[in-house]
file target.tsv (TSV, C-alpha atoms)
chain	number	residue	atom	x	y	z
O	1	MET	CA	73.66	23.23	117.69
O	2	LYS	CA	73.61	27.02	117.34
O	3	LYS	CA	71.16	28.22	114.74
O	4	GLU	CA	72.79	30.23	111.92
O	5	ASN	CA	71.91	33.91	111.93
O	6	SER	CA	69.70	35.09	109.09
O	7	LYS	CA	71.46	37.07	106.35
O	8	LYS	CA	68.18	38.84	105.58
O	9	ARG	CA	68.00	40.35	109.06
O	10	VAL	CA	70.05	43.40	110.06
O	11	VAL	CA	70.43	45.33	113.31
O	12	LEU	CA	70.81	49.03	112.56
O	13	GLY	CA	72.30	51.44	115.09
O	14	MET	CA	69.98	54.46	115.18
O	15	SER	CA	71.02	57.81	116.65
O	16	GLY	CA	67.78	59.59	115.84
O	17	GLY	CA	69.39	61.63	113.08
O	18	VAL	CA	68.71	61.80	109.36
O	19	ASP	CA	71.68	59.57	108.40
O	20	SER	CA	70.61	56.49	110.35
O	21	SER	CA	66.99	57.19	109.37
O	22	VAL	CA	67.83	56.99	105.66
O	23	ALA	CA	70.06	53.97	106.35
O	24	ALA	CA	66.95	52.20	107.70
O	25	LEU	CA	65.00	53.16	104.60
O	26	LEU	CA	67.72	51.97	102.21
O	27	LEU	CA	68.11	48.63	103.98
O	28	GLN	CA	64.36	48.12	103.95
O	29	GLN	CA	64.22	48.91	100.24
O	30	LYS	CA	66.88	46.23	99.66
O	31	GLY	CA	64.60	43.65	101.23
O	32	PHE	CA	66.21	43.37	104.67
O	33	GLU	CA	64.26	42.81	107.86
O	34	VAL	CA	65.52	45.80	109.83
O	35	ILE	CA	65.69	46.03	113.61
O	36	GLY	CA	66.39	49.56	114.81
O	37	LEU	CA	68.61	49.74	117.88
O	38	SER	CA	69.45	52.86	119.89
O	39	LEU	CA	72.35	52.79	122.31
O	40	GLU	CA	71.89	54.54	125.64
O	41	LEU	CA	75.41	55.71	126.38
O	42	TYR	CA	75.12	58.51	128.87
O	43	SER	CA	72.72	59.92	131.46
O	44	CYS	CA	72.73	63.61	132.29
O	45	ASP	CA	70.74	65.65	134.81
O	46	ARG	CA	70.57	68.67	132.47
O	47	PRO	CA	69.88	69.23	128.76
O	48	LEU	CA	72.85	68.45	126.51
O	49	GLY	CA	72.02	71.16	123.99
O	50	LYS	CA	73.20	70.01	120.57
O	51	GLY	CA	74.64	66.71	121.74
O	52	CYS	CA	73.23	63.41	120.52
O	53	CYS	CA	72.19	60.22	122.35
O	54	THR	CA	69.59	62.15	124.38
O	55	PRO	CA	66.05	60.93	125.21
O	56	LYS	CA	64.76	63.16	122.40
O	57	ASP	CA	67.10	61.48	119.92
O	58	ARG	CA	65.90	58.04	121.00
O	59	LEU	CA	62.32	59.27	120.61
O	60	ASP	CA	63.12	60.41	117.06
O	61	ALA	CA	64.63	56.99	116.30
O	62	ARG	CA	61.48	55.30	117.60
O	63	ARG	CA	59.32	57.59	115.46
O	64	ILE	CA	61.31	56.62	112.34
O	65	CYS	CA	60.90	52.92	113.12
O	66	GLU	CA	57.17	53.41	113.59
O	67	GLN	CA	57.03	55.33	110.30
O	68	LEU	CA	58.87	52.52	108.47
O	69	LYS	CA	57.05	49.79	110.44
O	70	ILE	CA	60.22	48.13	111.69
O	71	ALA	CA	61.11	46.78	115.13
O	72	TYR	CA	62.87	49.01	117.64
O	73	ASP	CA	64.84	48.44	120.83
O	74	ILE	CA	67.16	50.32	123.21
O	75	LEU	CA	70.38	48.86	124.61
O	76	ASP	CA	71.77	50.25	127.87
O	77	LEU	CA	75.55	50.64	127.49
O	78	ARG	CA	76.11	53.38	130.07
O	79	SER	CA	78.47	51.35	132.24
O	80	SER	CA	80.64	50.19	129.33
O	81	PHE	CA	80.65	53.66	127.80
O	82	LYS	CA	81.82	55.24	131.05
O	83	ASN	CA	84.61	52.69	131.50
O	84	HIS	CA	85.90	52.69	127.92
O	85	VAL	CA	85.15	56.24	126.75
O	86	ILE	CA	84.42	58.87	129.41
O	87	ASP	CA	87.08	57.70	131.88
O	88	TYR	CA	89.59	57.49	129.01
O	89	PHE	CA	88.55	60.99	127.87
O	90	ALA	CA	89.28	62.44	131.31
O	91	ALA	CA	92.52	60.49	131.79
O	92	GLU	CA	93.94	61.66	128.45
O	93	TYR	CA	93.29	65.32	129.17
O	94	ALA	CA	94.91	64.90	132.59
O	95	LYS	CA	98.04	63.60	130.80
O	96	GLY	CA	98.22	66.64	128.53
O	97	ARG	CA	96.82	64.73	125.55
O	98	THR	CA	93.78	65.50	123.38
O	99	PRO	CA	91.59	62.39	123.17
O	100	LEU	CA	89.54	61.08	120.26
O	101	PRO	CA	86.64	59.38	122.10
O	102	CYS	CA	84.72	58.26	119.00
O	103	ALA	CA	87.46	55.76	118.06
O	104	PRO	CA	87.44	53.73	121.32
O	105	CYS	CA	83.65	54.03	121.42
O	106	ASN	CA	83.43	52.38	118.00
O	107	ARG	CA	86.15	49.82	118.76
O	108	ASP	CA	85.36	48.85	122.35
O	109	VAL	CA	81.67	49.65	122.87
O	110	ARG	CA	79.36	50.27	119.94
O	111	PHE	CA	80.12	47.55	117.39
O	112	LYS	CA	80.88	44.78	119.87
O	113	ALA	CA	77.58	45.37	121.63
O	114	MET	CA	75.71	45.48	118.32
O	115	LEU	CA	77.22	42.14	117.24
O	116	ASP	CA	76.21	40.53	120.53
O	117	TYR	CA	72.72	41.93	120.18
O	118	ALA	CA	72.50	40.74	116.56
O	119	ASP	CA	73.41	37.22	117.67
O	120	SER	CA	70.69	37.34	120.34
O	121	VAL	CA	67.99	38.17	117.78
O	122	GLY	CA	69.22	35.90	114.99
O	123	ALA	CA	70.59	38.66	112.72
O	124	TYR	CA	73.76	38.20	110.69
O	125	TRP	CA	74.30	41.85	109.75
O	126	ILE	CA	74.83	45.03	111.71
O	127	ALA	CA	74.72	48.48	110.15
O	128	THR	CA	75.14	52.15	111.05
O	129	GLY	CA	74.67	55.53	109.41
O	130	HIS	CA	78.40	56.24	109.05
O	131	TYR	CA	79.75	57.75	105.84
O	132	ALA	CA	82.13	54.90	105.02
O	133	ARG	CA	82.17	51.69	102.95
O	134	VAL	CA	83.13	48.06	103.45
O	135	ALA	CA	84.25	45.70	100.67
O	136	GLU	CA	85.17	42.02	100.61
O	137	ASN	CA	88.54	41.24	99.01
O	138	ASP	CA	89.33	38.32	96.72
O	139	ASP	CA	91.03	36.43	99.55
O	140	GLY	CA	88.01	36.68	101.86
O	141	THR	CA	89.34	39.54	104.00
O	142	PHE	CA	87.48	42.83	104.32
O	143	SER	CA	88.56	46.40	103.68
O	144	LEU	CA	87.37	49.75	104.98
O	145	TRP	CA	86.97	52.57	102.45
O	146	LYS	CA	86.19	56.25	102.69
O	147	GLY	CA	82.63	57.40	102.07
O	148	ILE	CA	82.29	59.05	98.69
O	149	ASP	CA	81.37	62.42	100.21
O	150	PRO	CA	84.78	63.90	101.17
O	151	LYS	CA	83.17	66.44	103.50
O	152	LYS	CA	81.34	63.77	105.51
O	153	ASP	CA	83.70	60.77	105.34
O	154	GLN	CA	83.94	59.12	108.78
O	155	SER	CA	86.52	56.40	108.13
O	156	TYR	CA	88.98	58.34	110.33
O	157	PHE	CA	86.94	57.29	113.39
O	158	LEU	CA	86.65	53.63	112.33
O	159	TRP	CA	90.29	52.60	111.94
O	160	GLY	CA	90.14	50.40	115.04
O	161	LEU	CA	87.57	47.98	113.60
O	162	SER	CA	88.64	44.36	113.19
O	163	GLN	CA	87.96	41.81	110.47
O	164	LYS	CA	85.32	40.28	112.76
O	165	GLU	CA	83.24	43.45	112.75
O	166	LEU	CA	83.85	44.33	109.09
O	167	ALA	CA	82.73	40.87	107.92
O	168	ARG	CA	79.23	41.54	109.24
O	169	LEU	CA	79.01	45.30	108.83
O	170	GLN	CA	77.11	47.44	106.35
O	171	PHE	CA	77.25	51.20	105.81
O	172	PRO	CA	74.15	51.87	103.67
O	173	ILE	CA	74.77	55.60	103.14
O	174	GLY	CA	78.49	55.42	102.33
O	175	ASP	CA	77.84	55.56	98.58
O	176	PHE	CA	75.88	58.83	98.85
O	177	THR	CA	76.58	62.47	99.57
O	178	LYS	CA	74.96	64.25	102.48
O	179	GLU	CA	72.82	66.25	100.07
O	180	GLU	CA	71.55	63.04	98.47
O	181	ILE	CA	70.73	61.62	101.90
O	182	ARG	CA	68.77	64.75	102.83
O	183	ASN	CA	66.90	64.61	99.52
O	184	LYS	CA	66.00	60.95	100.04
O	185	ALA	CA	64.70	61.72	103.53
O	186	ARG	CA	62.57	64.58	102.26
O	187	ALA	CA	61.26	62.63	99.28
O	188	PHE	CA	60.07	59.84	101.58
O	189	GLY	CA	58.76	62.26	104.19
O	190	LEU	CA	60.93	61.00	107.03
O	191	VAL	CA	60.27	62.92	110.24
O	192	THR	CA	64.01	63.57	110.72
O	193	SER	CA	64.62	64.88	107.19
O	194	ASP	CA	65.45	68.43	108.31
O	195	LYS	CA	66.93	67.64	111.71
O	196	PRO	CA	70.28	69.46	112.13
O	197	ASP	CA	73.47	67.42	112.37
O	198	SER	CA	75.16	67.10	115.74
O	199	GLN	CA	78.80	68.17	115.77
O	200	GLU	CA	79.49	67.87	119.51
O	201	LEU	CA	80.58	64.95	121.68
O	202	CYS	CA	77.49	63.03	122.72
O	203	PHE	CA	78.25	63.22	126.44
O	204	VAL	CA	79.47	66.82	126.48
O	205	GLY	CA	76.94	68.50	124.20
O	206	ASP	CA	77.60	72.12	123.39
O	207	GLU	CA	79.38	73.02	126.64
O	208	GLU	CA	83.18	73.28	126.74
O	209	HIS	CA	84.94	70.00	127.45
O	210	SER	CA	86.92	71.74	130.22
O	211	HIS	CA	83.73	72.53	132.12
O	212	PHE	CA	82.62	68.91	131.82
O	213	LEU	CA	85.95	67.71	133.25
O	214	GLU	CA	85.91	70.26	136.06
O	215	GLU	CA	82.42	69.16	137.06
O	216	HIS	CA	82.81	65.37	136.76
O	217	TYR	CA	86.55	64.67	137.15
O	218	PRO	CA	88.01	67.45	139.34
O	219	GLN	CA	90.22	64.95	141.19
O	220	THR	CA	92.16	64.15	137.99
O	221	LEU	CA	93.03	67.76	137.13
O	222	SER	CA	96.31	69.40	138.05
O	223	GLY	CA	94.93	72.92	138.37
O	224	PRO	CA	96.56	76.23	137.33
O	225	GLY	CA	100.16	76.35	136.14
O	226	ASP	CA	102.52	78.37	133.97
O	227	PHE	CA	102.66	79.31	130.33
O	228	VAL	CA	106.29	79.18	129.15
O	229	ASP	CA	108.07	79.75	125.87
O	230	VAL	CA	110.17	77.08	124.15
O	231	SER	CA	113.18	78.13	126.23
O	232	GLY	CA	111.29	77.69	129.49
O	233	VAL	CA	110.78	81.40	130.24
O	234	LYS	CA	107.54	82.01	132.13
O	235	LEU	CA	104.97	84.05	130.23
O	236	GLY	CA	101.92	83.90	132.47
O	237	HIS	CA	99.46	81.53	134.14
O	238	HIS	CA	96.99	79.00	132.70
O	239	ARG	CA	93.82	77.58	134.27
O	240	GLY	CA	94.84	73.92	133.83
O	241	ILE	CA	96.30	71.86	130.98
O	242	HIS	CA	92.93	70.09	130.48
O	243	ALA	CA	91.57	73.33	128.98
O	244	TYR	CA	94.10	73.56	126.13
O	245	THR	CA	95.23	71.64	123.08
O	246	VAL	CA	98.16	71.79	120.68
O	247	GLY	CA	97.60	74.41	117.97
O	248	GLN	CA	95.28	76.53	120.09
O	249	ARG	CA	95.63	80.30	119.72
O	250	ARG	CA	92.41	81.76	121.09
O	251	GLY	CA	91.47	81.76	124.76
O	252	LEU	CA	95.02	82.09	126.08
O	253	ASN	CA	94.18	85.44	127.72
O	254	LEU	CA	97.70	86.74	127.12
O	255	SER	CA	98.89	89.63	124.98
O	256	PHE	CA	102.03	89.40	122.84
O	257	GLY	CA	103.52	91.41	120.01
O	258	GLU	CA	103.01	88.41	117.73
O	259	ARG	CA	100.65	85.47	117.62
O	260	ARG	CA	101.49	82.62	119.99
O	261	TYR	CA	100.19	79.08	119.76
O	262	VAL	CA	100.15	76.13	122.12
O	263	VAL	CA	103.01	73.98	120.81
O	264	ALA	CA	103.22	71.45	123.66
O	265	LEU	CA	101.63	70.42	126.96
O	266	ASP	CA	103.87	69.17	129.77
O	267	ALA	CA	101.70	67.35	132.30
O	268	GLN	CA	104.60	66.53	134.64
O	269	LYS	CA	105.59	70.18	135.03
O	270	ASN	CA	102.01	71.41	134.58
O	271	GLU	CA	103.31	73.79	131.92
O	272	ILE	CA	101.94	74.88	128.57
O	273	VAL	CA	104.58	75.75	125.98
O	274	LEU	CA	103.76	78.62	123.64
O	275	GLY	CA	105.53	79.35	120.38
O	276	SER	CA	105.29	80.73	116.87
O	277	LYS	CA	103.47	79.18	113.95
O	278	GLU	CA	106.81	77.96	112.64
O	279	GLN	CA	107.47	76.19	115.96
O	280	LEU	CA	104.11	74.49	115.61
O	281	ARG	CA	105.26	72.68	112.47
O	282	ALA	CA	106.69	69.16	112.47
O	283	THR	CA	108.45	67.03	109.86
O	284	GLY	CA	106.79	63.84	111.11
O	285	LEU	CA	105.44	62.00	114.12
O	286	ILE	CA	105.64	58.87	116.23
O	287	ALA	CA	102.47	56.78	116.52
O	288	LYS	CA	101.90	53.82	118.83
O	289	ASN	CA	99.46	50.92	119.23
O	290	ILE	CA	99.10	50.52	115.47
O	291	HIS	CA	96.13	48.53	114.18
O	292	TRP	CA	96.12	47.31	110.57
O	293	ILE	CA	92.62	46.66	109.26
O	294	ASP	CA	93.64	44.55	106.28
O	295	PRO	CA	96.30	41.89	107.02
O	296	ARG	CA	97.67	42.26	103.47
O	297	PHE	CA	98.91	45.77	104.22
O	298	THR	CA	101.81	46.18	106.66
O	299	PRO	CA	105.14	47.98	106.27
O	300	ALA	CA	106.96	44.67	106.76
O	301	ARG	CA	105.26	43.26	103.67
O	302	ARG	CA	105.74	46.56	101.80
O	303	GLN	CA	102.57	46.22	99.78
O	304	PHE	CA	101.23	49.76	100.24
O	305	GLY	CA	100.22	51.27	96.95
O	306	GLY	CA	101.28	48.34	94.81
O	307	ILE	CA	97.76	46.98	94.54
O	308	HIS	CA	95.44	49.95	94.34
O	309	SER	CA	97.14	53.12	93.21
O	310	CYS	CA	100.85	53.19	92.41
O	311	PRO	CA	103.59	50.79	91.32
O	312	PRO	CA	105.85	49.78	94.25
O	313	ALA	CA	108.80	51.85	93.02
O	314	VAL	CA	106.82	55.04	93.58
O	315	TRP	CA	106.31	54.09	97.22
O	316	GLN	CA	109.96	53.76	98.20
O	317	ASP	CA	111.10	56.75	100.26
O	318	PRO	CA	114.67	57.88	99.43
O	319	ARG	CA	115.28	59.15	102.96
O	320	LEU	CA	115.61	55.65	104.38
O	321	PRO	CA	117.46	52.45	103.34
O	322	ALA	CA	115.96	50.54	100.46
O	323	GLY	CA	113.13	48.24	101.45
O	324	SER	CA	112.68	49.78	104.90
O	325	LEU	CA	109.81	52.17	104.30
O	326	ALA	CA	106.31	52.10	102.86
O	327	ARG	CA	104.46	55.18	101.64
O	328	CYS	CA	100.84	56.16	102.04
O	329	THR	CA	98.64	59.12	102.90
O	330	ILE	CA	98.36	60.11	106.56
O	331	ARG	CA	95.52	62.00	108.22
O	332	ILE	CA	96.43	63.50	111.60
O	333	ARG	CA	92.96	64.69	112.65
O	334	SER	CA	89.42	64.24	111.40
O	335	THR	CA	89.39	67.49	109.40
O	336	HIS	CA	92.87	66.93	107.91
O	337	LYS	CA	92.87	66.35	104.15
O	338	GLY	CA	95.88	64.04	104.36
O	339	ILE	CA	99.55	64.28	103.43
O	340	LEU	CA	101.80	61.82	101.63
O	341	ALA	CA	104.37	60.35	103.99
O	342	GLY	CA	106.82	57.54	104.48
O	343	ILE	CA	106.30	55.18	107.40
O	344	LYS	CA	108.57	52.65	109.06
O	345	GLU	CA	108.54	50.64	112.25
O	346	SER	CA	110.98	51.82	114.92
O	347	GLU	CA	111.73	51.07	118.57
O	348	GLU	CA	109.39	53.89	119.62
O	349	GLY	CA	106.54	52.82	117.40
O	350	MET	CA	105.56	53.79	113.86
O	351	GLU	CA	107.76	56.58	112.53
O	352	VAL	CA	106.05	58.85	110.02
O	353	LEU	CA	107.97	61.32	107.79
O	354	PHE	CA	105.77	63.86	106.00
O	355	ASP	CA	106.51	65.00	102.47
O	356	LYS	CA	105.78	68.55	103.73
O	357	PRO	CA	105.85	69.79	107.35
O	358	GLN	CA	102.48	69.72	109.10
O	359	GLU	CA	101.09	71.90	111.87
O	360	ALA	CA	99.69	70.95	115.27
O	361	ILE	CA	100.73	67.33	115.73
O	362	THR	CA	98.54	66.53	118.70
O	363	PRO	CA	99.33	63.67	121.10
O	364	GLY	CA	96.21	61.62	121.76
O	365	GLN	CA	94.73	62.11	118.30
O	366	ALA	CA	94.90	59.37	115.67
O	367	ALA	CA	97.28	59.00	112.74
O	368	VAL	CA	95.21	57.15	110.15
O	369	PHE	CA	96.85	55.59	107.08
O	370	TYR	CA	95.30	55.51	103.59
O	371	ASP	CA	96.06	54.23	100.13
O	372	GLY	CA	93.81	56.53	98.15
O	373	ALA	CA	90.29	55.91	99.47
O	374	LEU	CA	91.32	52.69	101.20
O	375	CYS	CA	91.76	53.00	104.98
O	376	LEU	CA	94.69	50.79	105.95
O	377	GLY	CA	94.60	51.30	109.71
O	378	GLY	CA	95.82	53.74	112.30
O	379	GLY	CA	97.45	54.39	115.64
O	380	TRP	CA	97.68	56.96	118.43
O	381	ILE	CA	99.93	59.98	117.99
O	382	GLU	CA	102.64	60.03	120.66
O	383	ARG	CA	104.62	63.11	119.62
O	384	GLY	CA	105.73	65.23	116.70
O	385	LEU	CA	109.18	65.12	115.11
O	386	SER	CA	111.05	68.38	114.63

call {"tool": "encode", "arguments": {"input": "target.tsv", "output": "structure tokens"}}
result
Amino acid sequence: MKKENSKKRVVLGMSGGVDSSVAALLLQQKGFEVIGLSLELYSCDRPLGKGCCTPKDRLDARRICEQLKIAYDILDLRSSFKNHVIDYFAAEYAKGRTPLPCAPCNRDVRFKAMLDYADSVGAYWIATGHYARVAENDDGTFSLWKGIDPKKDQSYFLWGLSQKELARLQFPIGDFTKEEIRNKARAFGLVTSDKPDSQELCFVGDEEHSHFLEEHYPQTLSGPGDFVDVSGVKLGHHRGIHAYTVGQRRGLNLSFGERRYVVALDAQKNEIVLGSKEQLRATGLIAKNIHWIDPRFTPARRQFGGIHSCPPAVWQDPRLPAGSLARCTIRIRSTHKGILAGIKESEEGMEVLFDKPQEAITPGQAAVFYDGALCLGGGWIERGLS
């Protein structure tokens, strides 16, 4: 008979930064037996600059565990990370899409591996230093909530998590602001208390993503092509669609009488469509491969908003037949503050209609659905609606 995992033992993912360091401290102060675990995701033959997941970061994680007198281990996930994240990253850019690698990393690599490791060491819980929160509902399901610090909330990257992961997951710093976390680290004298945050992709560092792709995946790239306007008129030449993203204005190396933006990428024609700021706006989007975190919340059941924030009547969108649409807040990129929108299932996927037009709807990014601070789920943006 399999021995039940201890609910006083937790495996904490440690990046070597201040957030996971304070997460270890908070868990220890709550009486947990903490096992620090760093994930080796990528090997590089040159320094990664400001990227994370480097040997120095793992050394910092080890130093924190030594300081707190907790166990420490390293898990080699390089093969899985390449298959699920880096190859996906390159393939999306080759298709003219802008990938969001943190989401599949969390969904397909990080948390699954941590759960397997926790089982191997007899730990019930896993934890990370993400700015997010998990809560158990009255019916035994689990919900994902934003972290209370709006500037640091990371729920946008976690929408792919399942009930299996959420049931055993803790986010110790989700109830604190970044400033409070820094102050706790300094007060306790943690060696990472003043370590700068990393803003770059862990496997790219501070170099341009296009250079990374040209070095490691040249066979997937289409090469130079044409800039065109929305009518198809050629305007100049680009270096390759992998080097551009929707909404981009700088780095086009073209001169016009007015500002031009990348409004679309056509991988089949190897063309980049440029247009005005007005042409960059969309009234909605189509999202595919939708994942709902909480089984109570789906458009078919039309329960958005009726439980946590607004009476159901407020959530009926007048633009569609009665009973066919739910309403919630949509975030279309990690830095997006969110916009109220109506959503309905269609033959193409999830159709989203914004209350106000939004700029730079970027295929490959995530559309993440919220009811207030509650993260309902998300999906991949396929295209904007004009």

call {"tool": "closest_residue", "arguments": {"input": "target.tsv", "among": "O:Leu274, O:Val368, O:Ala287, O:Cys102", "to": "Ser346 of chain O", "atoms": "only C-alpha atoms"}}
result
O:Ala287

call {"tool": "closest_residue", "arguments": {"input": "target.tsv", "among": "O:Ser15, O:Arg133, O:Ser80, O:Leu169", "to": "Lys56 of chain O", "atoms": "only C-alpha atoms"}}
result
O:Ser15

call {"tool": "atom_distance", "arguments": {"input": "target.tsv", "atom1": "atom CA of Ile343 of chain O", "atom2": "atom CA of Gly372 of chain O"}}
result
15.6 Å

call {"tool": "residues_near_point", "arguments": {"input": "target.tsv", "point": "(94.2, 73.4, 142.9)", "cutoff": "12 Å", "atoms": "only C-alpha atoms", "output": "PDB file with C-alpha atoms, in the coordinates of the input"}}
result
ATOM      1  CA  GLU O 214      85.910  70.260 136.060  1.00  0.00           C
ATOM      2  CA  PRO O 218      88.010  67.450 139.340  1.00  0.00           C
ATOM      3  CA  GLN O 219      90.220  64.950 141.190  1.00  0.00           C
ATOM      4  CA  THR O 220      92.160  64.150 137.990  1.00  0.00           C
ATOM      5  CA  LEU O 221      93.030  67.760 137.130  1.00  0.00           C
ATOM      6  CA  SER O 222      96.310  69.400 138.050  1.00  0.00           C
ATOM      7  CA  GLY O 223      94.930  72.920 138.370  1.00  0.00           C
ATOM      8  CA  PRO O 224      96.560  76.230 137.330  1.00  0.00           C
ATOM      9  CA  GLY O 225     100.160  76.350 136.140  1.00  0.00           C
ATOM     10  CA  HIS O 238      96.990  79.000 132.700  1.00  0.00           C
ATOM     11  CA  ARG O 239      93.820  77.580 134.270  1.00  0.00           C
ATOM     12  CA  GLY O 240      94.840  73.920 133.830  1.00  0.00           C
ATOM     13  CA  ASN O 270     102.010  71.410 134.580  1.00  0.00           C
TER      14      ASN O 270
END

call {"tool": "atom_distance", "arguments": {"input": "target.tsv", "atom1": "atom CA of Ser210 of chain O", "atom2": "atom CA of Gln279 of chain O"}}
result
25.4 Å

call {"tool": "residues_around", "arguments": {"input": "target.tsv", "residues": "segment 159-161 of chain O", "least_positions_apart": "4", "cutoff": "7 Å", "atoms": "only C-alpha atoms", "output": "PyMOL selection string"}}
result
chain O and resi 103+107+155+165-166+291+293+368+377-378

call {"tool": "atom_distance", "arguments": {"input": "target.tsv", "atom1": "atom CA of Ala282 of chain O", "atom2": "atom CA of Leu144 of chain O"}}
result
28.4 Å

call {"tool": "residues_around", "arguments": {"input": "target.tsv", "residues": "segment 247-262 of chain O", "least_positions_apart": "6", "cutoff": "10 Å", "atoms": "all atoms listed in the file", "output": "list in words"}}
result
Phe227, Val228, Asp229, Leu235, Gly236, His237, His238, Arg239, Ile272, Val273, Leu274, Gly275, Ser276, Lys277, Glu278, Gln279, Leu280, Arg281, Glu359, Ala360, Ile361 and Thr362 of chain O

call {"tool": "closest_residue", "arguments": {"input": "target.tsv", "among": "O:Ser334, O:Ser21, O:Ser231, O:Thr245", "to": "Leu158 of chain O", "atoms": "all atoms listed in the file"}}
result
O:Ser334

call {"tool": "closest_residue", "arguments": {"input": "target.tsv", "among": "O:Leu213, O:Val109, O:Leu100, O:Ile173", "to": "Gln365 of chain O", "atoms": "all atoms listed in the file"}}
result
O:Leu100

call {"tool": "residues_around", "arguments": {"input": "target.tsv", "residues": "Ile74 of chain O", "least_positions_apart": "6", "cutoff": "6 Å", "atoms": "all atoms listed in the file", "output": "list in words"}}
result
Leu37, Ser38 and Leu39 of chain O

call {"tool": "closest_residue", "arguments": {"input": "target.tsv", "among": "O:Glu136, O:Asp153, O:Asp355, O:Asp194", "to": "Arg168 of chain O", "atoms": "all atoms listed in the file"}}
result
O:Glu136

call {"tool": "closest_residue", "arguments": {"input": "target.tsv", "among": "O:Phe212, O:Tyr370, O:Phe188, O:Tyr244", "to": "Arg97 of chain O", "atoms": "only C-alpha atoms"}}
result
O:Tyr244

call {"tool": "residues_around", "arguments": {"input": "target.tsv", "residues": "segment 381-386 of chain O", "least_positions_apart": "2", "cutoff": "12 Å", "atoms": "all atoms listed in the file", "output": "short mmCIF file (atom, residue, chain, number, x, y, z; two decimals) with C-alpha atoms, in the coordinates of the input"}}
result
data_model
loop_
_atom_site.label_atom_id
_atom_site.label_comp_id
_atom_site.auth_asym_id
_atom_site.auth_seq_id
_atom_site.Cartn_x
_atom_site.Cartn_y
_atom_site.Cartn_z
CA GLU O 92 93.94 61.66 128.45
CA LYS O 95 98.04 63.60 130.80
CA GLY O 96 98.22 66.64 128.53
CA ARG O 97 96.82 64.73 125.55
CA THR O 98 93.78 65.50 123.38
CA PRO O 99 91.59 62.39 123.17
CA LEU O 100 89.54 61.08 120.26
CA VAL O 246 98.16 71.79 120.68
CA VAL O 263 103.01 73.98 120.81
CA ALA O 264 103.22 71.45 123.66
CA LEU O 265 101.63 70.42 126.96
CA ASP O 266 103.87 69.17 129.77
CA GLU O 278 106.81 77.96 112.64
CA GLN O 279 107.47 76.19 115.96
CA LEU O 280 104.11 74.49 115.61
CA ARG O 281 105.26 72.68 112.47
CA ALA O 282 106.69 69.16 112.47
CA THR O 283 108.45 67.03 109.86
CA GLY O 284 106.79 63.84 111.11
CA LEU O 285 105.44 62.00 114.12
CA ILE O 286 105.64 58.87 116.23
CA ALA O 287 102.47 56.78 116.52
CA LYS O 288 101.90 53.82 118.83
CA ASN O 289 99.46 50.92 119.23
CA ILE O 290 99.10 50.52 115.47
CA ILE O 330 98.36 60.11 106.56
CA ARG O 331 95.52 62.00 108.22
CA ILE O 332 96.43 63.50 111.60
CA ARG O 333 92.96 64.69 112.65
CA GLU O 348 109.39 53.89 119.62
CA GLY O 349 106.54 52.82 117.40
CA MET O 350 105.56 53.79 113.86
CA GLU O 351 107.76 56.58 112.53
CA VAL O 352 106.05 58.85 110.02
CA LEU O 353 107.97 61.32 107.79
CA PHE O 354 105.77 63.86 106.00
CA PRO O 357 105.85 69.79 107.35
CA GLN O 358 102.48 69.72 109.10
CA GLU O 359 101.09 71.90 111.87
CA ALA O 360 99.69 70.95 115.27
CA ILE O 361 100.73 67.33 115.73
CA THR O 362 98.54 66.53 118.70
CA PRO O 363 99.33 63.67 121.10
CA GLY O 364 96.21 61.62 121.76
CA GLN O 365 94.73 62.11 118.30
CA ALA O 366 94.90 59.37 115.67
CA ALA O 367 97.28 59.00 112.74
CA VAL O 368 95.21 57.15 110.15
CA GLY O 378 95.82 53.74 112.30
CA GLY O 379 97.45 54.39 115.64
#

call {"tool": "residues_around", "arguments": {"input": "target.tsv", "residues": "Gln154 of chain O", "least_positions_apart": "3", "cutoff": "8 Å", "atoms": "all atoms listed in the file", "output": "list in words"}}
result
His130, Tyr131, Ala132, Lys146, Gly147, Phe157, Leu158 and Ser334 of chain O

call {"tool": "residues_near_point", "arguments": {"input": "target.tsv", "point": "(83.5, 71.6, 109.6)", "cutoff": "12 Å", "atoms": "only C-alpha atoms", "output": "list of chain:residue names"}}
result
O:Pro150, O:Lys151, O:Lys152, O:Asp153, O:Asp197, O:Ser198, O:Gln199, O:Glu200, O:Ser334, O:Thr335, O:His336

call {"tool": "decode", "arguments": {"input": "target.tsv", "residues": "segment 204-216 of chain O", "atoms": "C-alpha atoms", "output": "mmCIF file, in the first residue's frame"}}
result
data_model
loop_
_atom_site.group_PDB
_atom_site.id
_atom_site.type_symbol
_atom_site.label_atom_id
_atom_site.label_comp_id
_atom_site.auth_asym_id
_atom_site.auth_seq_id
_atom_site.Cartn_x
_atom_site.Cartn_y
_atom_site.Cartn_z
ATOM 1 C CA VAL O 204 17.189 33.814 -23.922
ATOM 2 C CA GLY O 205 18.523 36.162 -21.257
ATOM 3 C CA ASP O 206 18.995 39.748 -22.304
ATOM 4 C CA GLU O 207 19.734 39.083 -25.982
ATOM 5 C CA GLU O 208 17.036 39.598 -28.617
ATOM 6 C CA HIS O 209 14.823 36.578 -29.195
ATOM 7 C CA SER O 210 15.489 36.884 -32.940
ATOM 8 C CA HIS O 211 19.204 36.333 -32.413
ATOM 9 C CA PHE O 212 18.478 33.259 -30.316
ATOM 10 C CA LEU O 213 16.279 31.819 -33.078
ATOM 11 C CA GLU O 214 18.790 32.620 -35.803
ATOM 12 C CA GLU O 215 21.525 30.851 -33.852
ATOM 13 C CA HIS O 216 19.607 27.770 -32.675
#
